[in-house]
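See below for upload.cif, which holds mmCIF, C-alpha atoms.
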```
data_model
loop_
_atom_site.label_atom_id
_atom_site.label_comp_id
_atom_site.auth_asym_id
_atom_site.auth_seq_id
_atom_site.Cartn_x
_atom_site.Cartn_y
_atom_site.Cartn_z
CA MET H 1 -12.17 12.47 31.76
CA ALA H 2 -13.53 9.32 33.36
CA HIS H 3 -12.12 5.95 32.33
CA ASP H 4 -13.96 2.74 31.80
CA LYS H 5 -12.40 -0.64 32.59
CA GLY H 6 -10.92 -0.87 29.10
CA SER H 7 -8.85 2.28 29.45
CA PRO H 8 -5.06 1.86 29.26
CA VAL H 9 -4.57 4.31 32.12
CA GLU H 10 -5.37 1.86 34.89
CA CYS H 11 -2.39 -0.50 34.53
CA SER H 12 0.05 -1.17 31.74
CA TRP H 13 -0.44 -4.91 31.54
CA LYS H 14 -3.98 -4.38 30.22
CA ILE H 15 -2.60 -2.75 27.10
CA GLU H 16 -0.97 -6.03 26.11
CA GLU H 17 -3.86 -8.28 27.11
CA GLU H 18 -6.83 -6.38 25.79
CA PHE H 19 -5.37 -4.56 22.82
CA HIS H 20 -2.92 -7.14 21.38
CA ILE H 21 0.02 -4.80 21.96
CA ASP H 22 3.33 -6.39 22.88
CA LYS H 23 5.33 -4.64 25.59
CA ASP H 24 8.49 -4.72 23.45
CA ILE H 25 7.34 -4.51 19.82
CA GLY H 26 4.00 -2.74 20.10
CA PHE H 27 1.49 -3.44 17.32
CA ILE H 28 3.79 -5.91 15.55
CA LEU H 29 2.62 -9.55 15.68
CA PRO H 30 5.15 -11.37 17.91
CA ASN H 31 6.87 -14.38 16.32
CA PRO H 32 4.50 -14.99 13.38
CA LEU H 33 3.91 -18.57 12.29
CA GLU H 34 5.61 -19.73 9.09
CA ASP H 35 3.41 -22.75 8.31
CA LEU H 36 -0.27 -23.70 8.47
CA PRO H 37 -1.88 -27.11 9.06
CA ASP H 38 -1.27 -29.55 6.17
CA LYS H 39 -4.74 -28.91 4.78
CA TYR H 40 -3.62 -25.42 3.74
CA THR H 41 -0.19 -26.33 2.32
CA SER H 42 -1.27 -25.34 -1.19
CA TRP H 43 -1.93 -21.74 -0.09
CA ILE H 44 1.51 -21.45 1.48
CA SER H 45 3.20 -23.14 -1.49
CA ILE H 46 1.74 -20.69 -4.01
CA ALA H 47 2.39 -17.68 -1.78
CA ARG H 48 6.06 -18.71 -1.41
CA ASN H 49 6.52 -19.09 -5.17
CA LEU H 50 4.72 -16.01 -6.48
CA PRO H 51 7.68 -14.41 -8.34
CA ASP H 52 8.42 -17.59 -10.33
CA LEU H 53 4.74 -18.33 -11.02
CA ILE H 54 4.16 -14.77 -12.24
CA GLU H 55 7.31 -14.72 -14.38
CA THR H 56 6.40 -18.03 -16.08
CA GLY H 57 2.77 -16.99 -16.61
CA LYS H 58 1.45 -19.89 -14.51
CA LEU H 59 0.13 -18.00 -11.47
CA ARG H 60 -3.54 -17.71 -12.39
CA ALA H 61 -3.80 -21.30 -13.62
CA GLU H 62 -2.28 -22.59 -10.38
CA VAL H 63 -4.65 -20.49 -8.27
CA GLU H 64 -7.66 -21.65 -10.26
CA LYS H 65 -6.71 -25.30 -9.55
CA LEU H 66 -6.93 -24.80 -5.80
CA PRO H 67 -9.81 -26.45 -3.91
CA GLU H 68 -12.20 -24.20 -2.02
CA LEU H 69 -11.10 -24.80 1.57
CA SER H 70 -13.01 -24.26 4.79
CA ILE H 71 -11.28 -22.07 7.36
CA ASP H 72 -12.66 -24.13 10.26
CA ASP H 73 -9.25 -25.63 11.06
CA LEU H 74 -7.66 -22.20 11.51
CA LYS H 75 -8.41 -21.88 15.22
CA GLU H 76 -5.53 -19.80 16.55
CA HIS H 77 -5.07 -16.07 15.94
CA LYS H 78 -1.54 -16.46 14.56
CA ALA H 79 -2.67 -19.16 12.12
CA GLN H 80 -5.48 -16.89 10.96
CA ARG H 81 -3.02 -14.00 10.49
CA LEU H 82 -0.65 -16.17 8.44
CA ALA H 83 -3.52 -17.41 6.27
CA HIS H 84 -4.74 -13.83 5.75
CA LEU H 85 -1.22 -12.80 4.75
CA ALA H 86 -0.83 -15.69 2.30
CA LEU H 87 -4.27 -15.19 0.73
CA GLY H 88 -3.59 -11.45 0.54
CA TYR H 89 -0.40 -12.06 -1.41
CA ILE H 90 -2.16 -14.55 -3.69
CA THR H 91 -5.03 -12.12 -4.29
CA MET H 92 -2.76 -9.20 -5.19
CA ALA H 93 -0.75 -11.44 -7.52
CA TYR H 94 -3.87 -12.87 -9.15
CA VAL H 95 -5.41 -9.45 -9.78
CA TRP H 96 -2.30 -7.63 -11.05
CA ASN H 97 -0.43 -10.68 -12.46
CA GLN H 98 2.47 -9.45 -14.62
CA GLY H 99 1.74 -5.79 -13.99
CA ASP H 100 0.58 -4.94 -17.49
CA GLU H 101 -2.94 -4.33 -18.76
CA ASP H 102 -3.95 -7.93 -18.02
CA VAL H 103 -5.86 -7.12 -14.84
CA SER H 104 -8.41 -9.56 -13.44
CA LYS H 105 -11.71 -7.99 -12.44
CA VAL H 106 -12.83 -11.18 -10.67
CA LEU H 107 -11.27 -13.12 -7.78
CA PRO H 108 -12.34 -16.78 -8.22
CA ARG H 109 -14.55 -18.23 -5.49
CA ASN H 110 -12.04 -20.90 -4.41
CA ILE H 111 -9.93 -18.04 -3.02
CA ALA H 112 -12.59 -15.36 -2.54
CA VAL H 113 -14.87 -17.39 -0.26
CA PRO H 114 -12.29 -18.53 2.33
CA TYR H 115 -10.49 -15.19 2.13
CA CYS H 116 -13.64 -13.21 2.89
CA LYS H 117 -14.70 -15.57 5.69
CA LEU H 118 -11.25 -15.30 7.24
CA SER H 119 -11.30 -11.52 6.87
CA GLU H 120 -14.64 -11.38 8.64
CA THR H 121 -13.24 -13.51 11.48
CA LEU H 122 -10.25 -11.20 11.90
CA GLY H 123 -12.23 -7.99 11.38
CA LEU H 124 -10.03 -7.02 8.42
CA PRO H 125 -10.92 -6.31 4.79
CA PRO H 126 -10.19 -8.94 2.09
CA ILE H 127 -7.12 -7.21 0.66
CA LEU H 128 -3.44 -7.18 1.63
CA VAL H 129 -3.19 -4.62 4.44
CA TYR H 130 -0.31 -3.10 6.42
CA ALA H 131 -1.12 -5.42 9.33
CA ASP H 132 -0.40 -8.33 6.96
CA CYS H 133 2.59 -7.35 4.83
CA VAL H 134 4.47 -5.39 7.53
CA LEU H 135 3.28 -6.45 10.99
CA ALA H 136 2.89 -10.20 10.34
CA ASN H 137 5.37 -10.82 7.51
CA TRP H 138 8.69 -11.38 9.26
CA LYS H 139 10.97 -13.91 10.90
CA LYS H 140 14.42 -13.93 12.45
CA LYS H 141 17.21 -15.85 10.73
CA ASP H 142 18.71 -16.59 14.14
CA PRO H 143 15.78 -16.97 16.56
CA ASN H 144 17.99 -15.93 19.46
CA GLY H 145 19.45 -12.93 17.63
CA PRO H 146 18.27 -9.30 17.64
CA MET H 147 15.48 -7.77 15.57
CA ILE H 148 17.78 -5.95 13.15
CA TYR H 149 17.63 -5.92 9.36
CA GLU H 150 20.60 -8.24 8.93
CA ASN H 151 18.93 -10.92 11.06
CA MET H 152 15.48 -10.77 9.44
CA GLU H 153 13.59 -12.08 6.44
CA ILE H 154 10.06 -11.67 5.13
CA LEU H 155 7.80 -14.71 4.78
CA PHE H 156 6.50 -14.02 1.24
CA SER H 157 7.73 -11.95 -1.69
CA PHE H 158 6.40 -10.27 -4.80
CA PRO H 159 8.46 -9.82 -7.99
CA GLY H 160 11.18 -7.18 -7.74
CA GLY H 161 13.94 -9.12 -5.99
CA ASP H 162 14.85 -7.87 -2.54
CA CYS H 163 12.89 -4.64 -2.98
CA GLY H 164 9.91 -6.04 -1.07
CA LYS H 165 12.11 -7.35 1.70
CA GLY H 166 13.71 -3.92 2.07
CA PHE H 167 10.42 -2.03 1.96
CA PHE H 168 8.53 -4.24 4.42
CA LEU H 169 11.39 -4.76 6.89
CA VAL H 170 12.39 -1.09 7.03
CA SER H 171 8.71 -0.27 7.63
CA LEU H 172 8.70 -2.89 10.40
CA LEU H 173 11.82 -1.44 12.04
CA VAL H 174 10.37 2.09 11.92
CA GLU H 175 7.24 0.72 13.56
CA MET H 176 9.25 -1.09 16.23
CA ALA H 177 11.40 1.93 17.08
CA ALA H 178 8.32 4.08 17.61
CA ALA H 179 6.53 1.26 19.46
CA PHE H 180 9.00 1.37 22.34
CA ALA H 181 7.19 4.55 23.38
CA VAL H 182 3.80 2.85 23.72
CA LYS H 183 4.72 1.57 27.19
CA GLU H 184 5.06 5.23 28.25
CA ILE H 185 1.36 5.91 27.61
CA PRO H 186 0.03 4.49 30.92
CA ILE H 187 2.79 6.41 32.73
CA ILE H 188 1.73 9.60 30.94
CA PHE H 189 -1.94 9.11 31.77
CA ASN H 190 -1.18 8.32 35.41
CA ALA H 191 1.08 11.37 35.65
CA ILE H 192 -1.69 13.60 34.29
CA GLU H 193 -4.20 12.19 36.77
CA LYS H 194 -1.73 12.75 39.64
CA GLN H 195 -0.50 16.07 38.21
CA ASP H 196 3.03 14.67 38.44
CA GLN H 197 4.89 16.97 36.08
CA ALA H 198 8.36 15.49 36.71
CA THR H 199 7.25 11.98 35.72
CA LEU H 200 5.38 13.37 32.73
CA LYS H 201 8.51 15.15 31.46
CA GLU H 202 10.53 11.94 31.73
CA ALA H 203 7.90 9.92 29.86
CA LEU H 204 7.57 12.52 27.08
CA ALA H 205 11.36 12.68 26.75
CA GLU H 206 11.29 8.92 26.17
CA VAL H 207 8.56 9.29 23.52
CA ASN H 208 10.69 11.91 21.78
CA ILE H 209 13.74 9.60 21.76
CA CYS H 210 11.68 6.75 20.29
CA LEU H 211 10.28 8.95 17.50
CA LYS H 212 13.79 10.14 16.66
CA ASN H 213 14.96 6.52 16.57
CA ALA H 214 12.12 5.76 14.16
CA LEU H 215 13.43 8.45 11.81
CA GLU H 216 16.91 6.88 11.96
CA GLU H 217 15.44 3.50 11.01
CA PHE H 218 13.54 5.15 8.14
CA ASN H 219 16.93 6.21 6.70
CA GLN H 220 17.65 2.57 5.89
CA ILE H 221 15.17 2.61 3.04
CA HIS H 222 17.78 4.19 0.78
CA LYS H 223 20.16 1.31 1.46
CA TYR H 224 17.73 -1.52 0.88
CA VAL H 225 15.06 -0.29 -1.58
CA ASP H 226 15.75 0.78 -5.16
CA PRO H 227 13.32 3.55 -6.21
CA TYR H 228 12.82 2.22 -9.73
CA ASP H 229 12.22 -1.37 -8.60
CA PHE H 230 9.77 -0.03 -6.05
CA TYR H 231 7.87 2.19 -8.47
CA ASN H 232 7.85 -0.08 -11.52
CA VAL H 233 7.42 -3.46 -9.83
CA LEU H 234 6.59 -3.71 -6.12
CA ARG H 235 4.14 -0.78 -6.03
CA ILE H 236 1.97 -2.51 -8.64
CA TYR H 237 1.23 -5.39 -6.25
CA LEU H 238 0.42 -3.11 -3.31
CA ALA H 239 -2.23 -1.10 -5.18
CA GLY H 240 -5.84 -1.56 -4.15
CA TRP H 241 -9.11 -1.25 -6.05
CA LYS H 242 -10.56 1.89 -4.53
CA GLY H 243 -10.06 4.95 -6.72
CA SER H 244 -8.28 2.65 -9.18
CA GLU H 245 -8.04 3.63 -12.83
CA LYS H 246 -7.66 0.00 -13.88
CA LEU H 247 -10.46 -1.32 -11.63
CA PRO H 248 -12.81 1.66 -11.41
CA GLU H 249 -15.72 -0.44 -10.12
CA GLY H 250 -13.57 -2.48 -7.76
CA LEU H 251 -13.01 -6.25 -7.60
CA LEU H 252 -15.74 -8.89 -7.81
CA TYR H 253 -15.29 -11.49 -5.05
CA GLU H 254 -16.96 -14.46 -6.75
CA GLY H 255 -19.32 -16.42 -4.54
CA VAL H 256 -19.35 -13.71 -1.85
CA TRP H 257 -20.96 -10.54 -3.23
CA GLU H 258 -22.98 -9.99 -6.39
CA ASN H 259 -21.28 -6.65 -7.12
CA PRO H 260 -17.63 -5.54 -7.13
CA LYS H 261 -16.22 -4.10 -3.89
CA GLN H 262 -13.67 -1.34 -3.50
CA PHE H 263 -10.83 -1.55 -0.96
CA SER H 264 -7.71 0.56 -0.51
CA GLY H 265 -4.28 -0.99 -0.87
CA GLY H 266 -1.84 -1.21 2.01
CA SER H 267 -0.32 2.08 3.11
CA ALA H 268 1.43 3.73 6.05
CA GLY H 269 -1.92 5.35 6.85
CA GLN H 270 -3.00 1.92 8.12
CA SER H 271 -0.25 1.92 10.78
CA SER H 272 -1.72 2.27 14.26
CA ILE H 273 1.49 3.62 15.75
CA PHE H 274 1.44 7.11 14.24
CA GLN H 275 -2.30 7.57 14.74
CA CYS H 276 -1.55 6.52 18.32
CA PHE H 277 0.91 9.40 18.83
CA ASP H 278 -1.34 11.89 17.05
CA THR H 279 -4.10 10.95 19.47
CA LEU H 280 -1.80 11.04 22.50
CA LEU H 281 -0.44 14.49 21.61
CA GLY H 282 -3.91 15.83 20.74
CA ILE H 283 -3.10 16.39 17.06
CA GLN H 284 -6.26 16.51 14.97
CA GLN H 285 -6.26 16.79 11.22
CA SER H 286 -8.47 19.72 10.24
CA ALA H 287 -8.56 19.15 6.47
CA GLU H 288 -11.63 17.05 5.78
CA SER H 289 -9.87 14.90 3.17
CA ALA H 290 -6.91 14.02 5.42
CA ALA H 291 -9.03 13.43 8.53
CA GLY H 292 -11.50 11.33 6.55
CA PHE H 293 -8.77 9.20 4.97
CA LEU H 294 -7.07 8.50 8.30
CA GLN H 295 -10.41 7.60 9.89
CA ASP H 296 -11.19 5.30 6.95
CA MET H 297 -7.80 3.61 7.39
CA ARG H 298 -8.77 2.48 10.89
CA ALA H 299 -11.05 -0.09 9.25
CA TYR H 300 -7.87 -1.66 7.84
CA MET H 301 -6.31 -2.11 11.30
CA PRO H 302 -6.87 -5.15 13.54
CA PRO H 303 -9.95 -4.48 15.71
CA ALA H 304 -7.95 -4.67 18.95
CA HIS H 305 -5.71 -1.86 17.71
CA ARG H 306 -8.70 0.22 16.67
CA ARG H 307 -10.12 -0.20 20.17
CA PHE H 308 -6.82 0.96 21.65
CA LEU H 309 -6.95 4.18 19.61
CA VAL H 310 -10.51 4.80 20.80
CA SER H 311 -9.40 4.23 24.39
CA LEU H 312 -6.69 6.88 23.95
CA GLU H 313 -9.28 9.32 22.66
CA GLU H 314 -11.29 8.71 25.83
CA GLY H 315 -8.26 9.28 28.06
CA PRO H 316 -7.18 12.55 29.69
CA SER H 317 -5.96 15.29 27.35
CA LEU H 318 -2.18 15.57 27.49
CA ARG H 319 -2.22 18.72 25.40
CA GLU H 320 -4.76 20.48 27.63
CA PHE H 321 -2.81 19.54 30.75
CA VAL H 322 0.51 20.80 29.36
CA SER H 323 -1.16 24.02 28.22
CA SER H 324 -2.81 24.64 31.58
CA VAL H 325 0.02 24.10 34.06
CA GLY H 326 2.38 26.78 32.76
CA ASP H 327 5.53 24.65 33.09
CA THR H 328 7.99 25.91 30.46
CA ASP H 329 10.13 22.74 30.52
CA LEU H 330 7.06 20.52 30.18
CA LYS H 331 5.82 22.56 27.24
CA ALA H 332 9.27 22.29 25.63
CA VAL H 333 9.41 18.49 25.85
CA TYR H 334 5.83 18.24 24.53
CA ASN H 335 6.86 20.41 21.57
CA GLU H 336 9.87 18.17 20.97
CA CYS H 337 7.50 15.24 20.54
CA VAL H 338 5.35 17.20 18.08
CA ASN H 339 8.47 18.27 16.19
CA ALA H 340 9.65 14.67 16.03
CA LEU H 341 6.38 13.75 14.29
CA VAL H 342 6.75 16.75 11.94
CA ASN H 343 10.28 15.60 11.06
CA LEU H 344 9.08 12.06 10.35
CA ARG H 345 6.38 13.40 8.05
CA GLU H 346 8.81 15.76 6.34
CA TYR H 347 11.11 12.83 5.70
CA HIS H 348 8.21 10.73 4.42
CA LEU H 349 7.54 13.45 1.84
CA LYS H 350 11.15 13.28 0.65
CA VAL H 351 10.92 9.49 0.38
CA VAL H 352 7.72 9.75 -1.66
CA GLN H 353 9.38 12.28 -3.94
CA LYS H 354 12.28 9.89 -4.58
CA TYR H 355 10.32 6.63 -4.78
CA ILE H 356 7.08 7.67 -6.48
CA ILE H 357 7.03 11.18 -7.94
CA THR H 358 10.42 11.19 -9.70
CA PRO H 359 10.16 7.67 -11.23
CA SER H 360 6.58 8.44 -12.26
CA ARG H 361 7.60 11.59 -14.13
CA GLU H 362 10.40 9.75 -15.88
CA LYS H 363 8.04 6.97 -16.89
CA ARG H 364 5.55 9.49 -18.27
CA LYS H 365 8.28 11.07 -20.38
CA GLU H 366 9.11 7.65 -21.84
CA SER H 367 5.49 6.83 -22.58
CA GLU H 368 3.47 9.78 -23.81
CA ASN H 369 0.35 7.64 -23.82
CA SER H 370 0.60 6.85 -20.12
CA SER H 371 -2.53 7.94 -18.25
CA GLU H 372 -1.22 6.82 -14.89
CA SER H 373 -1.74 9.29 -12.08
CA THR H 374 1.59 10.65 -10.85
CA ASN H 375 0.67 11.24 -7.23
CA LYS H 376 -1.51 8.26 -6.37
CA GLY H 377 -0.41 6.22 -3.34
CA THR H 378 -1.20 2.52 -2.89
CA GLY H 379 -4.00 3.57 -0.55
CA GLY H 380 -5.63 5.53 -3.40
CA THR H 381 -4.83 9.05 -2.15
CA ASP H 382 -3.21 12.04 -3.84
CA LEU H 383 -0.09 11.31 -1.87
CA MET H 384 1.89 14.56 -1.90
CA TYR H 385 -1.15 16.67 -1.10
CA PHE H 386 -2.22 14.32 1.70
CA LEU H 387 1.22 14.05 3.32
CA THR H 388 1.89 17.78 3.03
CA THR H 389 -1.47 18.55 4.62
CA VAL H 390 -0.86 16.11 7.48
CA LYS H 391 2.66 17.47 8.10
CA ASN H 392 1.56 21.11 8.04
CA THR H 393 -1.37 20.45 10.35
CA THR H 394 0.91 18.60 12.79
CA LYS H 395 3.17 21.66 12.91
CA THR H 396 0.26 23.89 13.97
CA PHE H 397 -0.05 21.90 17.20
CA LEU H 398 3.21 23.19 18.60
CA LEU H 399 2.39 25.06 21.83
CA LYS H 400 3.38 28.71 21.73
CA GLU H 401 5.13 30.49 24.57
CA ARG H 402 2.84 32.86 26.42
#
```

Structure rendered as structure tokens:
Amino acid sequence: MAHDKGSPVECSWKIEEEFHIDKDIGFILPNPLEDLPDKYTSWISIARNLPDLIETGKLRAEVEKLPELSIDDLKEHKAQRLAHLALGYITMAYVWNQGDEDVSKVLPRNIAVPYCKLSETLGLPPILVYADCVLANWKKKDPNGPMIYENMEILFSFPGGDCGKGFFLVSLLVEMAAAFAVKEIPIIFNAIEKQDQATLKEALAEVNICLKNALEEFNQIHKYVDPYDFYNVLRIYLAGWKGSEKLPEGLLYEGVWENPKQFSGGSAGQSSIFQCFDTLLGIQQSAESAAGFLQDMRAYMPPAHRRFLVSLEEGPSLREFVSSVGDTDLKAVYNECVNALVNLREYHLKVVQKYIITPSREKRKESENSSESTNKGTGGTDLMYFLTTVKNTTKTFLLKER
């Protein structure tokens, strides 16, 4: 298929420049800022103190005291990302507060107006998204040290102790492990164009290793995230207002729209990295609900990352090439990559069972009046059905021996 000038096939450096993809950490925002210009100190101060403000019942009053600030002094991309992260945390805390029935249906204009303007500038929705709480919510304790859990912190926290730190940082490390394979994509596309099967096998073997490493990183969730703290505390603050039982009409952004708007909460479906490998390997979700949800989630990704996924779709078909050349070893290494994705999705199902389904059932037993949906993810989906469908569809893309 022909490539335009934006295609990643032409040279690898364009991936980084045009699509905001770092050569070492992929879609993760490199070295996020920790502070904003003095004008915005109040946003950062509240975002850094959310657990205490929520626990003492002062959060909403403090937010309502804030002046309505212009975003004109947020010129740089990293400053805009930090502000979006801070306002996202404040918004989730304001709406869900202490996690009981006291849910706010209105976001006051002093937060809603700058938040929505900033979201429009970044091309993101005005809700805490994966690109905020995972990709832009980290720092190293030792700036010269490695990007490993022990040397990292998150910038902002919700109630639930270290549960949020564990959840967001493990997600980040999974993302980073898989992201090492992104640099193989131009090599893969060039190898297809040149029909260089040896180079293609080497590049796919590297992709397979990276996906396996991502699964190893995923294992750390059991060490750092307690399932009951996650389900009963952290998950509350990640929930959106699309398909929400508590906010069925959505959230009213005062001073921005006359009617409430519905947005999905942050979820792994908003990660560009796994949609990237689905696209590269030619895996297409056939179930309308799964395909539709994943397509919808692209609107929650930074625009540069969305454009990268589109550019992959316009690139040469790896799957068709592997199928057509009749190279048994090439087919085997392609299948290893598909199997690595299947294994990640199988593991994700087990994690959901432990962290959402089991605690939910136990909570329902304790409270017979609970109407809470057992299987709902923070993105608003029927989680087990969605993940099972995606995993099973992925498995069907294994190439059969002739």

* Asked: Using the chain letters and numbers from the file, which residues does the PyMOL selection byres ((chain H and resi 238) around 8) grab, as an MDAnalysis selection string?
  -> chainID H and resid 92 128 234:237 239:240 265:266 378

* Skipping near chain neighbours, those fewer than 5 positions away, what residues fall within 9 Å of Ile209 of chain H using all atoms listed in the file, listed as an MDAnalysis selection string? -> chainID H and resid 178 181 204 214 337 340

* Asked: Which residues match the PyMOL selection byres ((chain H and resi 221) around 10) in the file above, as a PyMOL selection string?
  -> chain H and resi 163+166-171+217-220+222-227+351

* Nearest to Val134 of chain H, chosen from H:Lys165, H:Arg109, H:Lys354, H:Lys23, with all atoms listed in the file counted in the distances -> H:Lys165

* Asked: Looking at all atoms listed in the file, which of H:Gly161, H:Ile192, H:Tyr231, H:Pro30 is the one that sits closest to Lys363 of chain H?
  ->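 The closest residue to Lys363 of chain H is H:Tyr231.
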
* Pull out every residue that the PyMOL selection byres ((chain H and resi 387) around 10) matches in the shown coordinates and put them as JSON, numbers by chain. => {"H": [269, 290, 345, 346, 348, 349, 352, 381, 382, 383, 384, 385, 386, 388, 389, 390, 391, 392, 393]}

* To do: Return the single residue from H:Leu318, H:Leu247, H:Leu50, H:Val182 that is closest to Leu211 of chain H, with distances computed using all atoms listed in the file.
  => H:Val182

Could you produce a table of the residues of segment 103-185 of chain H lying within 8 Å of segment 57-79 of chain H, with the nearest pair of atoms per residue and their separation in Å rounded to one decimal, using only C-alpha atoms, ordered by chain and increasing residue number, as JSON lines?
```
{"residue": "H:Pro108", "atom": "CA", "partner": "H:Glu64", "partner_atom": "CA", "distance": 7.1}
{"residue": "H:Arg109", "atom": "CA", "partner": "H:Glu68", "partner_atom": "CA", "distance": 7.3}
{"residue": "H:Asn110", "atom": "CA", "partner": "H:Glu68", "partner_atom": "CA", "distance": 4.1}
{"residue": "H:Ile111", "atom": "CA", "partner": "H:Glu68", "partner_atom": "CA", "distance": 6.6}
{"residue": "H:Val113", "atom": "CA", "partner": "H:Glu68", "partner_atom": "CA", "distance": 7.5}
{"residue": "H:Pro114", "atom": "CA", "partner": "H:Ile71", "partner_atom": "CA", "distance": 6.2}
{"residue": "H:Lys117", "atom": "CA", "partner": "H:Ile71", "partner_atom": "CA", "distance": 7.5}
{"residue": "H:Leu118", "atom": "CA", "partner": "H:Ile71", "partner_atom": "CA", "distance": 6.8}
```

* Separation of atom CA of Pro359 of chain H and atom CA of Leu172 of chain H, in Å? ->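 Result for atom CA of Pro359 of chain H versus atom CA of Leu172 of chain H: 24.1 Å, one decimal.
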
* **Computed interatomic separation between atom CA of Leu33 of chain H and atom CA of Leu82 of chain H (Å)** =>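 If I compute the distance from atom CA of Leu33 of chain H to atom CA of Leu82 of chain H, I get 6.4 Å.
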
* Asked: In Å to one decimal, how far is atom CA of Gln80 of chain H from atom CA of Glu254 of chain H?
  ->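 Taking atom CA of Glu254 of chain H and atom CA of Gln80 of chain H, their separation equals 21.2 Å.
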
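Closest approach to Ser42 of chain H among H:Ala136, H:Ala287, H:Ile127, H:Leu87: H:Leu87, based on all atoms listed in the file.
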
8 Å contact set for Ala131 of chain H, all atoms listed in the file, chain neighbours under 5 positions out, as a tab-separated table (two decimals) with C-alpha atoms, in the frame of the given file:
```
chain	number	residue	atom	x	y	z
H	28	ILE	CA	3.79	-5.91	15.55
H	136	ALA	CA	2.89	-10.20	10.34
H	270	GLN	CA	-3.00	1.92	8.12
H	271	SER	CA	-0.25	1.92	10.78
H	300	TYR	CA	-7.87	-1.66	7.84
H	301	MET	CA	-6.31	-2.11	11.30
H	302	PRO	CA	-6.87	-5.15	13.54
```

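Proximity of H:Leu215, H:Ile44, H:Leu124, H:Ile90 to Leu155 of chain H, computed with only C-alpha atoms, is greatest for H:Ile44.
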
* To do: Up to 12 Å from (13.7, -12.4, 18.1) in the file's coordinates: name the residues, counting only C-alpha atoms, as a PyMOL selection string.
  => chain H and resi 24-25+29-32+138-149+151-153
